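Text of target-v2.csv (CSV, C-alpha atoms) as supplied:
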chain,number,residue,atom,x,y,z
F,1,MET,CA,-0.2,-70.2,-188.0
F,2,LYS,CA,2.8,-71.4,-186.0
F,3,LYS,CA,2.5,-71.4,-182.3
F,4,CYS,CA,5.4,-69.1,-181.7
F,5,GLN,CA,6.3,-66.2,-184.0
F,6,GLY,CA,7.0,-62.5,-184.2
F,7,VAL,CA,8.8,-60.3,-181.8
F,8,ILE,CA,8.9,-62.1,-178.4
F,9,VAL,CA,10.5,-59.9,-175.7
F,10,PRO,CA,12.4,-61.7,-172.9
F,11,MET,CA,11.1,-59.3,-170.2
F,12,ALA,CA,13.4,-58.0,-167.5
F,13,THR,CA,11.8,-58.7,-164.1
F,14,PRO,CA,11.1,-55.6,-162.0
F,15,PHE,CA,11.7,-55.9,-158.2
F,16,THR,CA,10.9,-53.7,-155.3
F,17,CYS,CA,13.7,-52.5,-153.1
F,18,GLU,CA,12.9,-55.4,-150.8
F,19,GLY,CA,13.5,-57.9,-153.7
F,20,GLN,CA,9.8,-58.8,-154.3
F,21,ILE,CA,8.0,-58.7,-157.6
F,22,ASP,CA,6.9,-55.2,-158.4
F,23,SER,CA,3.5,-55.8,-160.0
F,24,ASN,CA,2.9,-52.1,-160.8
F,25,SER,CA,6.1,-52.1,-162.8
F,26,VAL,CA,5.1,-55.4,-164.5
F,27,HIS,CA,2.0,-53.6,-165.8
F,28,ARG,CA,4.0,-50.6,-166.9
F,29,ILE,CA,6.6,-52.6,-168.8
F,30,ILE,CA,4.0,-54.8,-170.5
F,31,ASP,CA,2.0,-51.8,-171.6
F,32,HIS,CA,5.2,-50.3,-173.0
F,33,LEU,CA,6.1,-53.6,-174.8
F,34,ILE,CA,2.7,-54.1,-176.3
F,35,ALA,CA,2.4,-50.5,-177.4
F,36,GLY,CA,5.6,-51.1,-179.3
F,37,GLY,CA,4.1,-53.9,-181.2
F,38,SER,CA,5.5,-56.9,-179.3
F,39,ASP,CA,3.8,-60.2,-180.2
F,40,GLY,CA,4.9,-62.1,-177.2
F,41,ILE,CA,6.1,-61.5,-173.6
F,42,PHE,CA,8.6,-64.1,-172.2
F,43,VAL,CA,8.9,-64.0,-168.4
F,44,LEU,CA,11.3,-66.1,-166.3
F,45,GLY,CA,14.0,-66.3,-168.9
F,46,THR,CA,17.7,-65.4,-168.6
F,47,THR,CA,17.0,-61.7,-169.0
F,48,GLY,CA,14.3,-62.0,-166.3
F,49,GLU,CA,16.8,-63.4,-163.7
F,50,SER,CA,14.7,-66.6,-163.4
F,51,ALA,CA,17.4,-68.6,-161.6
F,52,SER,CA,17.5,-66.1,-158.8
F,53,ILE,CA,13.7,-65.9,-158.1
F,54,SER,CA,11.9,-68.0,-155.5
F,55,ALA,CA,9.0,-70.2,-156.5
F,56,GLY,CA,6.4,-68.0,-154.8
F,57,GLU,CA,7.7,-64.8,-156.5
F,58,LYS,CA,7.8,-66.6,-159.8
F,59,GLN,CA,4.1,-67.3,-159.5
F,60,LYS,CA,3.4,-63.7,-158.6
F,61,LEU,CA,5.2,-62.6,-161.7
F,62,VAL,CA,3.3,-64.9,-164.0
F,63,GLU,CA,0.0,-63.8,-162.5
F,64,ALA,CA,0.9,-60.2,-163.0
F,65,ALA,CA,2.1,-60.8,-166.6
F,66,VAL,CA,-1.1,-62.7,-167.6
F,67,GLN,CA,-3.3,-60.1,-166.0
F,68,SER,CA,-1.4,-57.2,-167.6
F,69,THR,CA,-1.2,-58.8,-171.1
F,70,SER,CA,-4.9,-59.5,-171.0
F,71,LYS,CA,-4.7,-61.6,-174.3
F,72,ARG,CA,-3.1,-58.7,-176.2
F,73,ALA,CA,0.1,-60.8,-176.7
F,74,VAL,CA,1.2,-64.4,-176.2
F,75,VAL,CA,2.6,-65.1,-172.7
F,76,TYR,CA,5.6,-67.4,-172.5
F,77,ALA,CA,6.6,-68.6,-169.0
F,78,GLY,CA,9.9,-70.2,-168.2
F,79,ILE,CA,9.9,-73.5,-166.2
F,80,SER,CA,13.7,-74.3,-166.5
F,81,GLY,CA,15.3,-76.0,-163.5
F,82,ASN,CA,17.4,-78.9,-162.3
F,83,CYS,CA,14.5,-80.7,-160.7
F,84,LEU,CA,12.0,-82.3,-163.1
F,85,ALA,CA,9.2,-82.5,-160.6
F,86,GLU,CA,9.5,-78.8,-159.8
F,87,SER,CA,9.4,-77.9,-163.5
F,88,ILE,CA,6.3,-80.0,-164.0
F,89,ALA,CA,4.6,-78.5,-161.0
F,90,ALA,CA,5.5,-75.0,-162.2
F,91,ALA,CA,4.1,-75.8,-165.7
F,92,GLN,CA,0.8,-76.8,-164.2
F,93,ARG,CA,0.6,-73.6,-162.0
F,94,TYR,CA,1.5,-71.3,-164.9
F,95,MET,CA,-1.0,-72.9,-167.3
F,96,ASP,CA,-3.7,-72.7,-164.7
F,97,ILE,CA,-2.9,-69.0,-164.3
F,98,GLY,CA,-3.2,-68.5,-168.1
F,99,ALA,CA,0.3,-68.7,-169.6
F,100,ASP,CA,0.1,-69.7,-173.3
F,101,VAL,CA,3.5,-71.4,-173.9
F,102,LEU,CA,6.0,-72.9,-171.5
F,103,VAL,CA,9.8,-72.6,-172.1
F,104,ALA,CA,12.6,-74.7,-170.7
F,105,HIS,CA,16.3,-75.1,-171.2
F,106,VAL,CA,18.2,-78.3,-170.3
F,107,PRO,CA,19.1,-78.9,-166.6
F,108,TYR,CA,22.7,-77.7,-166.2
F,109,TYR,CA,24.2,-79.3,-163.0
F,110,PHE,CA,25.2,-82.6,-164.6
F,111,SER,CA,26.9,-83.1,-167.9
F,112,LEU,CA,24.4,-84.8,-170.2
F,113,ASN,CA,24.7,-86.8,-173.4
F,114,GLU,CA,22.1,-86.6,-176.2
F,115,ASP,CA,20.1,-89.6,-175.0
F,116,GLU,CA,19.8,-88.1,-171.5
F,117,ILE,CA,18.7,-84.8,-173.0
F,118,VAL,CA,16.1,-86.3,-175.2
F,119,SER,CA,14.8,-88.5,-172.3
F,120,TYR,CA,14.5,-85.4,-170.0
F,121,PHE,CA,12.6,-83.2,-172.5
F,122,MET,CA,10.3,-86.0,-173.6
F,123,THR,CA,9.4,-86.8,-170.0
F,124,LEU,CA,8.8,-83.1,-169.3
F,125,ALA,CA,6.6,-82.8,-172.4
F,126,ASP,CA,4.7,-85.9,-171.5
F,127,HIS,CA,3.7,-84.5,-168.1
F,128,ILE,CA,2.6,-81.0,-168.9
F,129,ALA,CA,-0.7,-79.8,-170.3
F,130,GLY,CA,0.5,-77.0,-172.7
F,131,PRO,CA,2.9,-76.3,-175.5
F,132,LEU,CA,6.6,-76.3,-174.8
F,133,MET,CA,9.3,-74.3,-176.4
F,134,LEU,CA,12.9,-75.6,-176.1
F,135,TYR,CA,15.5,-73.1,-175.1
F,136,ASN,CA,19.1,-73.5,-176.2
F,137,MET,CA,21.4,-71.3,-174.1
F,138,PRO,CA,24.9,-72.8,-173.9
F,139,ILE,CA,26.4,-69.6,-172.3
F,140,THR,CA,24.5,-70.5,-169.0
F,141,THR,CA,23.8,-74.2,-169.3
F,142,HIS,CA,27.2,-75.2,-170.8
F,143,ILE,CA,25.3,-77.7,-173.0
F,144,SER,CA,24.4,-77.2,-176.7
F,145,LEU,CA,21.4,-78.9,-178.1
F,146,SER,CA,22.4,-80.4,-181.4
F,147,THR,CA,20.1,-80.1,-184.4
F,148,ASP,CA,19.7,-83.9,-184.4
F,149,CYS,CA,18.6,-83.7,-180.8
F,150,ILE,CA,16.2,-80.9,-181.5
F,151,ASP,CA,14.8,-82.8,-184.5
F,152,LYS,CA,14.0,-85.8,-182.4
F,153,LEU,CA,12.3,-83.6,-179.7
F,154,SER,CA,10.4,-81.7,-182.3
F,155,ARG,CA,8.3,-84.8,-183.1
F,156,HIS,CA,6.6,-84.6,-179.7
F,157,GLU,CA,3.2,-83.2,-180.2
F,158,ARG,CA,3.6,-80.7,-177.3
F,159,ILE,CA,7.1,-79.4,-178.3
F,160,VAL,CA,6.3,-76.6,-180.6
F,161,GLY,CA,9.5,-74.6,-181.1
F,162,LEU,CA,13.0,-73.6,-180.3
F,163,LYS,CA,14.5,-70.4,-179.0
F,164,ASP,CA,18.1,-70.7,-180.0
F,165,SER,CA,20.6,-68.3,-178.3
F,166,GLU,CA,23.7,-70.0,-179.7
F,167,ASN,CA,25.9,-68.1,-182.1
F,168,THR,CA,28.5,-70.6,-183.3
F,169,PRO,CA,29.6,-70.6,-187.0
F,170,GLY,CA,27.1,-72.4,-189.2
F,171,ARG,CA,24.6,-73.0,-186.4
F,172,LEU,CA,22.0,-70.5,-187.8
F,173,GLU,CA,22.2,-71.8,-191.4
F,174,ALA,CA,21.9,-75.5,-190.3
F,175,SER,CA,18.9,-74.7,-188.0
F,176,ILE,CA,17.1,-72.7,-190.6
F,177,GLU,CA,17.6,-75.4,-193.2
F,178,ARG,CA,16.2,-78.0,-190.9
F,179,PHE,CA,13.3,-76.3,-189.1
F,180,ALA,CA,12.2,-73.1,-190.9
F,181,GLY,CA,10.1,-74.8,-193.5
F,182,ARG,CA,8.0,-76.7,-191.0
F,183,ASP,CA,4.4,-75.7,-190.1
F,184,ASP,CA,4.3,-77.5,-186.8
F,185,PHE,CA,7.6,-76.2,-185.3
F,186,SER,CA,8.9,-72.7,-184.8
F,187,PHE,CA,12.5,-71.6,-185.0
F,188,VAL,CA,13.1,-68.3,-183.2
F,189,VAL,CA,16.5,-66.7,-182.8
F,190,GLY,CA,17.7,-65.5,-179.4
F,191,CYS,CA,20.8,-63.7,-180.6
F,192,ALA,CA,19.6,-60.2,-181.3
F,193,ALA,CA,22.5,-59.4,-183.6
F,194,LEU,CA,21.3,-62.2,-186.0
F,195,SER,CA,17.7,-60.9,-186.1
F,196,ALA,CA,17.6,-59.5,-189.7
F,197,LYS,CA,19.7,-62.4,-191.1
F,198,ALA,CA,17.6,-65.1,-189.4
F,199,LEU,CA,14.3,-63.5,-190.4
F,200,GLY,CA,15.5,-63.1,-194.0
F,201,MET,CA,16.3,-66.8,-194.1
F,202,GLY,CA,13.0,-67.9,-192.8
F,203,ALA,CA,13.0,-67.8,-189.0
F,204,ALA,CA,9.6,-67.4,-187.4
F,205,GLY,CA,10.6,-64.9,-184.8
F,206,ILE,CA,13.2,-63.0,-182.7
F,207,VAL,CA,13.7,-62.8,-179.0
F,208,PRO,CA,15.8,-59.6,-178.4
F,209,SER,CA,16.5,-58.4,-174.8
F,210,ALA,CA,17.0,-54.8,-176.1
F,211,ALA,CA,13.3,-54.8,-177.1
F,212,ASN,CA,12.7,-54.0,-173.4
F,213,LEU,CA,14.0,-50.6,-174.3
F,214,GLU,CA,12.9,-50.2,-178.0
F,215,PRO,CA,10.2,-52.7,-178.9
F,216,ARG,CA,8.9,-50.6,-181.9
F,217,LEU,CA,12.4,-50.7,-183.5
F,218,TYR,CA,12.4,-54.5,-183.4
F,219,LYS,CA,8.8,-54.7,-184.6
F,220,THR,CA,9.7,-52.6,-187.6
F,221,LEU,CA,12.8,-54.7,-188.3
F,222,PHE,CA,10.7,-57.8,-188.2
F,223,GLU,CA,8.1,-56.4,-190.6
F,224,LYS,CA,10.7,-55.2,-193.1
F,225,ALA,CA,12.5,-58.6,-193.0
F,226,VAL,CA,9.5,-60.7,-193.5
F,227,GLN,CA,8.4,-58.4,-196.3
F,228,GLY,CA,11.7,-59.1,-198.1
F,229,ASN,CA,13.1,-55.6,-197.7
F,230,ALA,CA,16.6,-56.8,-196.8
F,231,LEU,CA,18.2,-53.4,-197.1
F,232,ALA,CA,15.8,-51.7,-194.6
F,233,ALA,CA,16.1,-54.7,-192.3
F,234,GLN,CA,19.9,-54.4,-192.2
F,235,GLU,CA,19.7,-50.7,-191.6
F,236,LEU,CA,17.4,-51.4,-188.6
F,237,GLN,CA,19.7,-54.2,-187.5
F,238,GLN,CA,22.5,-51.6,-187.2
F,239,GLN,CA,20.2,-49.3,-185.1
F,240,THR,CA,19.2,-52.2,-182.8
F,241,ASN,CA,22.9,-53.2,-182.4
F,242,ARG,CA,23.6,-49.7,-181.0
F,243,VAL,CA,20.8,-50.1,-178.5
F,244,SER,CA,22.2,-53.5,-177.4
F,245,ALA,CA,25.7,-52.0,-177.1
F,246,LEU,CA,24.3,-49.5,-174.6
F,247,TYR,CA,24.2,-52.1,-171.9
F,248,GLN,CA,26.3,-55.0,-173.2
F,249,GLY,CA,29.7,-53.9,-174.5
F,250,THR,CA,32.4,-55.5,-172.5
F,251,ARG,CA,30.2,-56.4,-169.6
F,252,SER,CA,29.6,-59.9,-168.4
F,253,LEU,CA,26.1,-61.4,-168.9
F,254,GLY,CA,25.1,-60.5,-165.3
F,255,GLN,CA,26.5,-57.0,-165.5
F,256,SER,CA,24.8,-56.4,-168.8
F,257,LEU,CA,21.4,-57.3,-167.3
F,258,ALA,CA,22.0,-54.9,-164.4
F,259,ALA,CA,22.9,-52.2,-167.0
F,260,LEU,CA,19.7,-53.0,-169.0
F,261,LYS,CA,17.6,-52.7,-165.8
F,262,ALA,CA,19.3,-49.4,-165.1
F,263,ALA,CA,18.4,-48.1,-168.5
F,264,MET,CA,14.8,-49.3,-168.0
F,265,HIS,CA,14.8,-47.4,-164.7
F,266,LEU,CA,15.9,-44.2,-166.5
F,267,LEU,CA,13.0,-44.6,-168.9
F,268,GLY,CA,10.6,-44.7,-165.9
F,269,LEU,CA,9.6,-48.4,-166.3
F,270,CYS,CA,10.9,-49.9,-163.1
F,271,GLU,CA,13.5,-49.8,-160.3
F,272,SER,CA,17.0,-50.8,-161.1
F,273,MET,CA,17.0,-53.5,-158.4
F,274,MET,CA,18.7,-56.8,-159.1
F,275,LEU,CA,18.6,-60.0,-157.1
F,276,PRO,CA,21.7,-61.7,-155.7
F,277,PRO,CA,24.1,-62.9,-156.9
F,278,LEU,CA,23.8,-60.1,-159.5
F,279,VAL,CA,24.5,-56.6,-158.3
F,280,THR,CA,22.4,-53.5,-158.9
F,281,LEU,CA,24.2,-50.8,-160.9
F,282,GLU,CA,25.3,-47.9,-158.7
F,283,LYS,CA,23.8,-44.5,-159.4
F,284,LYS,CA,27.2,-43.0,-160.3
F,285,ASP,CA,27.5,-45.6,-163.1
F,286,MET,CA,24.2,-44.6,-164.5
F,287,VAL,CA,25.5,-41.3,-165.8
F,288,GLU,CA,27.4,-42.9,-168.7
F,289,ILE,CA,24.3,-45.0,-169.6
F,290,LYS,CA,22.1,-41.9,-169.5
F,291,ASN,CA,24.4,-40.0,-171.8
F,292,GLN,CA,24.5,-42.9,-174.2
F,293,MET,CA,20.7,-43.1,-174.2
F,294,ALA,CA,20.5,-39.4,-175.0
F,295,GLY,CA,22.7,-40.1,-178.0
F,296,LEU,CA,20.4,-42.8,-179.2
F,297,GLY,CA,17.3,-40.6,-178.8
F,298,LEU,CA,16.0,-42.5,-175.8
F,299,LYS,CA,14.3,-40.0,-173.5
F,300,THR,CA,15.0,-40.5,-169.9
F,301,VAL,CA,12.6,-39.4,-167.2
F,302,VAL,CA,14.6,-40.2,-164.1
F,303,GLN,CA,17.2,-37.7,-162.9
Written form, structure tokens:
Amino acid sequence: MKKCQGVIVPMATPFTCEGQIDSNSVHRIIDHLIAGGSDGIFVLGTTGESASISAGEKQKLVEAAVQSTSKRAVVYAGISGNCLAESIAAAQRYMDIGADVLVAHVPYYFSLNEDEIVSYFMTLADHIAGPLMLYNMPITTHISLSTDCIDKLSRHERIVGLKDSENTPGRLEASIERFAGRDDFSFVVGCAALSAKALGMGAAGIVPSAANLEPRLYKTLFEKAVQGNALAAQELQQQTNRVSALYQGTRSLGQSLAALKAAMHLLGLCESMMLPPLVTLEKKDMVEIKNQMAGLGLKTVVQ
């Protein structure tokens, strides 16, 4: 079996009103995700506001996630950063806690060429004890990992897969052709709107943020797609697109994450609290989201 596959949920991070990790809500969210069939829980990614969380609170989150998951799903922990030494240290802490797979995107302060990118990830992989998944996220890093670059990195024994959140024309097809047939490297798609298409072409998994709300819907989409039922998978893709539109729409990335957290709050999963620089959605703005959720059949429990 490939190291990374199935429905991997990039978990939104729940905070208390004081801005600390809300461990009780971590347990609640993870129970919700696993009950919905999720194969993996990815903490400290973009959806989880990783760049805004202190090192100490990150460790608390990983501890709570590992404890809550209790081997029922694979735990992916983000170690992305601009300081290599800090990423290596975080990797050691998270593996000691019990994380299964580490995830890292490219440092984003300096503009890097391909040789520099390869050198960085090779050095990172050389100095960690566990499997590493590459994370391509040009919308935040402003750097795209080329398929040639990924191919070079994929030859490292500890680099086991790629979460690709880039949606440029031809990117998915080129990546599938190059990586989907390999047994030692997993290609998983981070663009939720491409889920059915990517799985039908041979992707190993999907990483949809909307699965924080509807994990069962994505699990069913995954199952239909890998079974070869393209029609059913496309129908489910349309349903999941409507769930994504609930909080994305015309919002910026940060604003969409705040709307997602608000929707999770309305489901009773966590508070809607966001860490600076992102701003918590005001209660008056939750009314529209609540009405949209009702239209999608999502039962809210918070007034």
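The two atoms in question, atom CA of F:Thr123 and atom CA of F:Asn167, are spaced 27.7 Å apart.
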Q | Shell around stretch 107-114 of chain F at 6 Å using all atoms listed in the file, local window under 4 positions removed, as a ChimeraX atom specification | A | /F:81-82,141
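Of the residues listed (F:Glu223, F:Asp126, F:Glu214, F:Glu157), F:Glu214 shows the shortest atom-to-atom separation from F:Ile34; distances use all atoms listed in the file.
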**Q.** 8 Å contact set for F:Ile79, only C-alpha atoms, chain neighbours under 5 positions out, as a list of chain:residue names
**A.** F:Leu44, F:Ser87, F:Ile88, F:Ala90, F:Ala91, F:Leu102, F:Val103, F:Ala104
Q) Between atom CA of F:Thr240 and atom CA of F:Leu194, what is the distance, to one decimal in Å? A) 10.7 Å
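For the pair atom CA of F:Ser195 and atom CA of F:Glu235, the interatomic distance is 11.8 Å.
Look at everything within 12 Å of (21.2, -41.6, -183.8) using only C-alpha atoms, and the residues you get are Leu236, Gln238, Gln239, Thr240, Asn241, Arg242, Val243, Gln292, Met293, Ala294, Gly295, Leu296, Gly297 and Leu298 of chain F.
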Q. If I put a ball of radius 9 Å at (11.5, -67.3, -192.4) in the file's coordinates, which residues poke into it when counting all atoms listed in the file, written as a PyMOL selection string?
A. chain F and resi 176+180-181+187+198-205+225-226
Q) Excluding same-chain residues fewer than 4 positions from F:Ala65, what lies within 12 Å of it counting only C-alpha atoms, as a PyMOL selection string? A) chain F and resi 11-14+21-31+33-34+40-44+58-61+69-77+94+97-100
Now that the selection is made, can you save its residues with C-alpha atoms as a PDB file, keeping the file's coordinate frame?
ATOM      1  CA  MET F  11      11.100 -59.300-170.200  1.00  0.00           C
ATOM      2  CA  ALA F  12      13.400 -58.000-167.500  1.00  0.00           C
ATOM      3  CA  THR F  13      11.800 -58.700-164.100  1.00  0.00           C
ATOM      4  CA  PRO F  14      11.100 -55.600-162.000  1.00  0.00           C
ATOM      5  CA  ILE F  21       8.000 -58.700-157.600  1.00  0.00           C
ATOM      6  CA  ASP F  22       6.900 -55.200-158.400  1.00  0.00           C
ATOM      7  CA  SER F  23       3.500 -55.800-160.000  1.00  0.00           C
ATOM      8  CA  ASN F  24       2.900 -52.100-160.800  1.00  0.00           C
ATOM      9  CA  SER F  25       6.100 -52.100-162.800  1.00  0.00           C
ATOM     10  CA  VAL F  26       5.100 -55.400-164.500  1.00  0.00           C
ATOM     11  CA  HIS F  27       2.000 -53.600-165.800  1.00  0.00           C
ATOM     12  CA  ARG F  28       4.000 -50.600-166.900  1.00  0.00           C
ATOM     13  CA  ILE F  29       6.600 -52.600-168.800  1.00  0.00           C
ATOM     14  CA  ILE F  30       4.000 -54.800-170.500  1.00  0.00           C
ATOM     15  CA  ASP F  31       2.000 -51.800-171.600  1.00  0.00           C
ATOM     16  CA  LEU F  33       6.100 -53.600-174.800  1.00  0.00           C
ATOM     17  CA  ILE F  34       2.700 -54.100-176.300  1.00  0.00           C
ATOM     18  CA  GLY F  40       4.900 -62.100-177.200  1.00  0.00           C
ATOM     19  CA  ILE F  41       6.100 -61.500-173.600  1.00  0.00           C
ATOM     20  CA  PHE F  42       8.600 -64.100-172.200  1.00  0.00           C
ATOM     21  CA  VAL F  43       8.900 -64.000-168.400  1.00  0.00           C
ATOM     22  CA  LEU F  44      11.300 -66.100-166.300  1.00  0.00           C
ATOM     23  CA  LYS F  58       7.800 -66.600-159.800  1.00  0.00           C
ATOM     24  CA  GLN F  59       4.100 -67.300-159.500  1.00  0.00           C
ATOM     25  CA  LYS F  60       3.400 -63.700-158.600  1.00  0.00           C
ATOM     26  CA  LEU F  61       5.200 -62.600-161.700  1.00  0.00           C
ATOM     27  CA  THR F  69      -1.200 -58.800-171.100  1.00  0.00           C
ATOM     28  CA  SER F  70      -4.900 -59.500-171.000  1.00  0.00           C
ATOM     29  CA  LYS F  71      -4.700 -61.600-174.300  1.00  0.00           C
ATOM     30  CA  ARG F  72      -3.100 -58.700-176.200  1.00  0.00           C
ATOM     31  CA  ALA F  73       0.100 -60.800-176.700  1.00  0.00           C
ATOM     32  CA  VAL F  74       1.200 -64.400-176.200  1.00  0.00           C
ATOM     33  CA  VAL F  75       2.600 -65.100-172.700  1.00  0.00           C
ATOM     34  CA  TYR F  76       5.600 -67.400-172.500  1.00  0.00           C
ATOM     35  CA  ALA F  77       6.600 -68.600-169.000  1.00  0.00           C
ATOM     36  CA  TYR F  94       1.500 -71.300-164.900  1.00  0.00           C
ATOM     37  CA  ILE F  97      -2.900 -69.000-164.300  1.00  0.00           C
ATOM     38  CA  GLY F  98      -3.200 -68.500-168.100  1.00  0.00           C
ATOM     39  CA  ALA F  99       0.300 -68.700-169.600  1.00  0.00           C
ATOM     40  CA  ASP F 100       0.100 -69.700-173.300  1.00  0.00           C
TER      41      ASP F 100
END
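Ranking F:Leu162, F:Ile150, F:Val9, F:Leu132 by their shortest atom-to-atom distance to F:Lys219, with only C-alpha atoms included, puts F:Val9 first.
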Q. Got a sec: who's within 12 Å of F:Ser186, counting only C-alpha atoms, leaving out chain neighbours fewer than 6 positions off, as a PyMOL selection string?
A. chain F and resi 1-6+131-135+150-151+154+159-164+175-176+178-180+202-206
